[in-house]
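Student: Quick one: the structure is below, and I'll ask about it shortly.
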Amino acid sequence: MNLQTAHDPSRTSFYVNDALYDDVIASFTNWQRDDLAVTDPVERDLFRRLLEEEARLLDNDRLEDWLKLFAAECVYWVPATVTGGDPRREVAISFDDRRRMEDRVYRLRTGFAWSQKPKSRTVRLVSNVEVFRTGQDNVRMVRANFQICEFRGVETRYLPGWAGYRYVERNGRWEIQTRQINLLECDQCIRNPSIVI
Amino acid sequence: MLDKTHATPGFNGPGYDYDYLVQDDRVHQSLYTDPAIFTAEMTHIFGAVWVYLAHESQIPKNDDFITARLGLRPIIVLRDSDGVIRALYNRCTHRGTTLCRLEKGSAHVFRCPYHGWTFNNTGKLRNVPWPDGYATDFKDSKFNVAQVPRVESYRGFIFGTLNLDAPSLSDYLGPVKGPIDEWLDRHPGGKVAICEANRLNYRGNWKLAYDNSCDGYHVVFSHRSLLDMENRLVDEADKGMSFYKGKPDQAPMYMKYFGHGHHYKDKRPNMEIKPGAMWAIEGPHPGMEHYEAELRRRLGSRADEALDLASSEPVNINVFPNFSILGNHIQVFEPLSVNETNAVWYGTAVVDDEGIWGDSLPLINALRMRTQEGFPNFGEVDDLANFEEIQRGLGAFEDEWVYMHRGMDIPGRITTDEHGVIKAPATDEMFMREYIKEWKRLMQTEPNIQIKREP
């Protein structure tokens with residue numbers, strides 16, 4: 001992937017190309033391997049802290065700050081199937097690039113996103129954090145289970161699942177390059193999926 | 001001023017006075033809230049007319065199956081071992097257990113998980129465990145799985161009806177076949193394949209979605225956040241459904257009512273007739289600049305046509321009661337109860353058996369998948385929120401009426417051609433008034449419902 005981007009990924013989407021799709025699919029295949037698991041508690045805690053920080057930003061509606069956790073050229077992927085599949089051949093619940101993530105935040109900020117008026121209140125539980133090495137020193141894969149407790153209107157509902165993250169270290173900072181959210185109910189009909197899941 | 005109200009539609013004795021509940025300009029709130037009306041709809045609507053079940057591309061090979069619903073009835077739509085498309089009741093003839101719990105797959109027999117009765121995929125009973133414990137002749141057809149007696153396809157779309165008196169599927173569809181044909185024929189080979197779906201659920205009556213499916217009045221209000229979002233990076237707002245801004249009724253787009261509850265919104269006349277016109281109004285989508293550049297490099301002057309295939313076609317083709325073609329989606333409405341509905345937005349992919357697009361086909365589809373995720377994510381969620389709020393508002397049940405009279409009684413506004421097709425401006429509620437008349441006729445008619453079993 002071209003990290004020295006010639007285009008502003010907030011304005012144009014040149015980086016979502018076959019190479020990116022191939023890379024995303026490959027990196028999210030067969031990655032949760034015991035032999036790659038990081039056992040160092042310091043490193044595990046580093047990524048646990050990053051996930052907890054992200055959950056806090058989302059729960060506190062700090063969406064602009066949430067966007068800053070990501071690499072410039074990033075992907076937020078919510079598959080519509082248990083296996084994920086190839087997003088070039090299947091629609092996903094969402095497959096956002098940076099511009100679409102910013103679109104998503106922009107829409108929620110317009111004041112006219114009726115599905116979020118009133119806004120949901122959420123608390124996100126993150127647990128079972130595991131870190132996996134990859135072939136590259138500056139890339140880690142992280143798995144965590146989550147439960148989003150979402151109150152809207154008169155009731156609270158629960159969206160459980162597990163998340164896969166591909167973190168890339170750049171200038172001493174770990175950035176999210178791909179965030180794959182696997183809802184337990186990914187292939188079922190979901191009511192009002194309008195928050196950042 | 002005080003209104004005398006009829007909060008309970010059964011006020012005039014047993015049964016329902018549908019002539020009171022459905023009036024020329026308005027309908028009673030109970031159409032959306034009364035569980036008894038919903039129960040009657042499962043017979044008088046979903047039992048009486050052709051209901052969309054599945055697409056042939058979902059069961060491409062013999063023995064393939066997919067589970068579906070006909071109203072509330074659990075159905076297995078399959079291609080049997082001889083290639084015949086059938087819609088079996090997903091119900092063991094022994095104790096009523098569902099035979100198939102998977103959403104899709106391939107099977108030449110279905111064995112009931114409860115007591116092991118086994119059926120061919122024609123529905124015929126194959127065997128039961130320990131038959132010597134029965135004094136019964138299992139050759140009796142009553143032990144074969146029930147099935148929808150009439151299953152027909154129109155160009156890949158599989159419909160079924162329980163009503164032996166219903167017209168043929170082709171006659172039922174009637175003139176709405178025209179827009180369906182045009183929609184299919186813009187694709188290579190005149191066909192598409194169904195892929196995964198954006199699957200949504202809302203706490204509201206199913207008709208709220210059908211009421212909305214041709215509604216041009218809500219667009220700039222319900223979808224304001226979407227319109228703002230997809231135009232935020234351009235100087236002049238022309239992306240997506242921007243043509244609804246200003247004076248939409250003076251725009252060349254129009255709606256038509258075709259009879260049998262089917263209606264149609266054609267927004268294509270708003271655009272220039274030229275390759276690339278659909279692509280030009282697409283809002284931002286992941287990968288669009290890369291794939292556009294790559295398709296232009298590979299295809300030169302043919303690229304605009306390819307990009308249009310990745311674009312959402314600005315039409316709404318609505319087939320009563322549960323099927324809509326919207327953009328490139330196949331939307332299916334699944335009623336679950338009087339106040340809960342699934343709205344499944346199946347994506348569609350371009351198939352190219354003749355290789356017209358060669359190795360550019362995967363690029364077209366890669367783009368088309370992303371364009372299709374836009375509306376369910378940023379548009380439909382707001383409509384569904386509004387449907388839920390209608391359902392909540394109707395809980396104020398003494399306020400009886402829901403209005404659908406926009407465009408009514410204005411001379412020259414609505415025209416009817418020699419085939420009975422009715423045409424109106426884009427924001428009219430004409431289509432609601434017309435389809436609900438058909439709904440009323442069906443609710444007042446006793447359908448000739450039968451189920452079939454293999455002999």
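Residue numbering restarts at 1 for every chain of the structure tokens, chains are lettered A, B, ... in their displayed order, and ligands are numbered from 1 as they appear.
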Could you pull out the strand (DSSP E or B) residues of region 33-177 of chain A from DSSP and send them as a ChimeraX atom specification?
Tutor: /A:37,70-78,94-96,121-133,139-152,155-170,173-177
Student: DSSP on the backbone: which residues in chain A end up as alpha helix (DSSP H)? Give the answer as a PyMOL selection string.
Tutor: chain A and resi 18-27+41-59+63-67+98-109
Student: Could you state the separation of CA of Phe333 (chain B) and CA of Trp50 (chain B) in Å, given to one decimal place?
Tutor: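 Spanning CA of Phe333 (chain B) to CA of Trp50 (chain B) is a straight-line distance of 13.7 Å.
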Student: Could you give me, as a PyMOL selection string, the residues within 8 Å of region 15-23 of chain A, counting only C-alpha atoms and dropping anything in the same chain fewer than 5 positions from it?
Tutor: (chain A and resi 1-2+9+73+86-88+97) or (chain B and resi 286-287+290-291)
Student: Quick one: which residues from chain A are at most 8 Å off chain B, using only C-alpha atoms, as a VMD selection string?
Tutor: chain A and resid 11 to 17 80 to 81 87 to 97 99 to 100 103 to 104 106 to 108 110 to 115 187 to 194
Student: Using only C-alpha atoms, which of A:Met101, A:Thr156, A:Glu52, A:Trp31 sits nearest Glu64 (chain A)?
Tutor: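 With only C-alpha atoms as the atom set, the closest residue is A:Met101.
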Student: Show me, as a ChimeraX atom specification, the residues that have an atom within 9 Å of region 169-185 of chain B when counting only C-alpha atoms, minus same-chain residues fewer than 4 positions from it.
Tutor: /B:49-50,151-155,159-161,189-192,257-260,262-264,266,313,315,317-319,325,328,419,421
Student: Which residues, written as a list in words, have at least one atom at most 8 Å from region 354-361 of chain B, with only C-alpha atoms counted and residues fewer than 6 positions away on the same chain left out?
Tutor: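 Contacts, in chain order: Pro188, Gly189, Leu295 and Arg298 of chain B.
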Student: In Å, with one decimal, what is the gap from CA of Asp140 (chain B) to CA of Gly83 (chain B)?
Tutor: 24.5 Å
Student: Work out how far apart CA of Met241 (chain B) and CA of Tyr254 (chain B) are and give it in Å to one decimal.
Tutor: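 According to the coordinates, CA of Met241 (chain B) and CA of Tyr254 (chain B) are separated by 13.8 Å.
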Student: Hey, which bits of region 142-193 of chain B sit within 8 Å of region 445-448 of chain B, and for each residue what's the closest pair of atoms and how far apart in Å (one decimal), counting only C-alpha atoms, rows by chain and increasing number, as JSON lines?
Tutor:
{"residue": "B:Leu162", "atom": "CA", "partner": "B:Asn448", "partner_atom": "CA", "distance": 7.7}
{"residue": "B:Asn163", "atom": "CA", "partner": "B:Asn448", "partner_atom": "CA", "distance": 5.0}
{"residue": "B:Leu164", "atom": "CA", "partner": "B:Asn448", "partner_atom": "CA", "distance": 5.7}
{"residue": "B:Asp165", "atom": "CA", "partner": "B:Asn448", "partner_atom": "CA", "distance": 6.0}
Student: Asn171 (chain A): which residues within 12 Å, counting only C-alpha atoms, same-chain residues fewer than 3 positions away excluded, as a list in words?
Tutor: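 After dropping sequence-adjacent residues, the list is Ala71, Asn138, Val168, Trp174 and Glu175 of chain A.
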Student: Write the residues you've just listed into a file as an mmCIF file, in the first residue's frame, and include all heavy atoms for each of them.
Tutor:
data_model
loop_
_atom_site.group_PDB
_atom_site.id
_atom_site.type_symbol
_atom_site.label_atom_id
_atom_site.label_comp_id
_atom_site.auth_asym_id
_atom_site.auth_seq_id
_atom_site.Cartn_x
_atom_site.Cartn_y
_atom_site.Cartn_z
ATOM 1 N N ALA A 71 -5.118 5.449 10.344
ATOM 2 C CA ALA A 71 -4.151 5.840 9.323
ATOM 3 C C ALA A 71 -4.881 6.666 8.258
ATOM 4 O O ALA A 71 -6.099 6.584 8.122
ATOM 5 C CB ALA A 71 -3.523 4.602 8.692
ATOM 6 N N ASN A 138 6.187 -3.610 12.023
ATOM 7 C CA ASN A 138 5.366 -2.437 12.357
ATOM 8 C C ASN A 138 3.870 -2.697 12.146
ATOM 9 O O ASN A 138 3.085 -1.760 12.056
ATOM 10 C CB ASN A 138 5.794 -1.225 11.519
ATOM 11 C CG ASN A 138 5.503 -1.448 10.041
ATOM 12 O OD1 ASN A 138 5.497 -2.588 9.570
ATOM 13 N ND2 ASN A 138 5.238 -0.372 9.325
ATOM 14 N N VAL A 168 -0.969 -0.342 12.340
ATOM 15 C CA VAL A 168 0.317 -0.064 11.696
ATOM 16 C C VAL A 168 1.009 1.029 12.492
ATOM 17 O O VAL A 168 0.389 2.043 12.835
ATOM 18 C CB VAL A 168 0.117 0.378 10.227
ATOM 19 C CG1 VAL A 168 1.460 0.726 9.591
ATOM 20 C CG2 VAL A 168 -0.587 -0.709 9.430
ATOM 21 N N TRP A 174 0.764 3.871 16.956
ATOM 22 C CA TRP A 174 0.011 2.783 16.327
ATOM 23 C C TRP A 174 -1.312 3.319 15.792
ATOM 24 O O TRP A 174 -2.125 3.834 16.550
ATOM 25 C CB TRP A 174 -0.245 1.651 17.310
ATOM 26 C CG TRP A 174 0.987 0.881 17.644
ATOM 27 C CD1 TRP A 174 1.805 1.074 18.717
ATOM 28 C CD2 TRP A 174 1.548 -0.199 16.885
ATOM 29 N NE1 TRP A 174 2.852 0.187 18.689
ATOM 30 C CE2 TRP A 174 2.731 -0.622 17.577
ATOM 31 C CE3 TRP A 174 1.210 -0.858 15.701
ATOM 32 C CZ2 TRP A 174 3.537 -1.657 17.128
ATOM 33 C CZ3 TRP A 174 2.009 -1.893 15.246
ATOM 34 C CH2 TRP A 174 3.160 -2.273 15.952
ATOM 35 N N GLU A 175 -1.487 3.205 14.472
ATOM 36 C CA GLU A 175 -2.707 3.696 13.826
ATOM 37 C C GLU A 175 -3.529 2.518 13.313
ATOM 38 O O GLU A 175 -2.976 1.499 12.882
ATOM 39 C CB GLU A 175 -2.353 4.603 12.639
ATOM 40 C CG GLU A 175 -1.590 5.853 13.043
ATOM 41 C CD GLU A 175 -1.174 6.688 11.840
ATOM 42 O OE1 GLU A 175 -0.955 6.114 10.737
ATOM 43 O OE2 GLU A 175 -1.045 7.912 12.013
#
Student: Env of Leu46 (chain A): 12 Å cut, atoms = only C-alpha atoms, seq-sep filter 2 positions within chain, self excluded. Answer as a list in words.
Tutor: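 Once the adjacent positions are removed, what remains is Val38, Asp40, Pro41, Val42, Glu43, Arg44, Arg48, Arg49, Leu50, Leu51, Glu52, Glu53, Val129, Glu130, Val131, Arg140, Val142, Tyr167, Arg173 and Trp174 of chain A.
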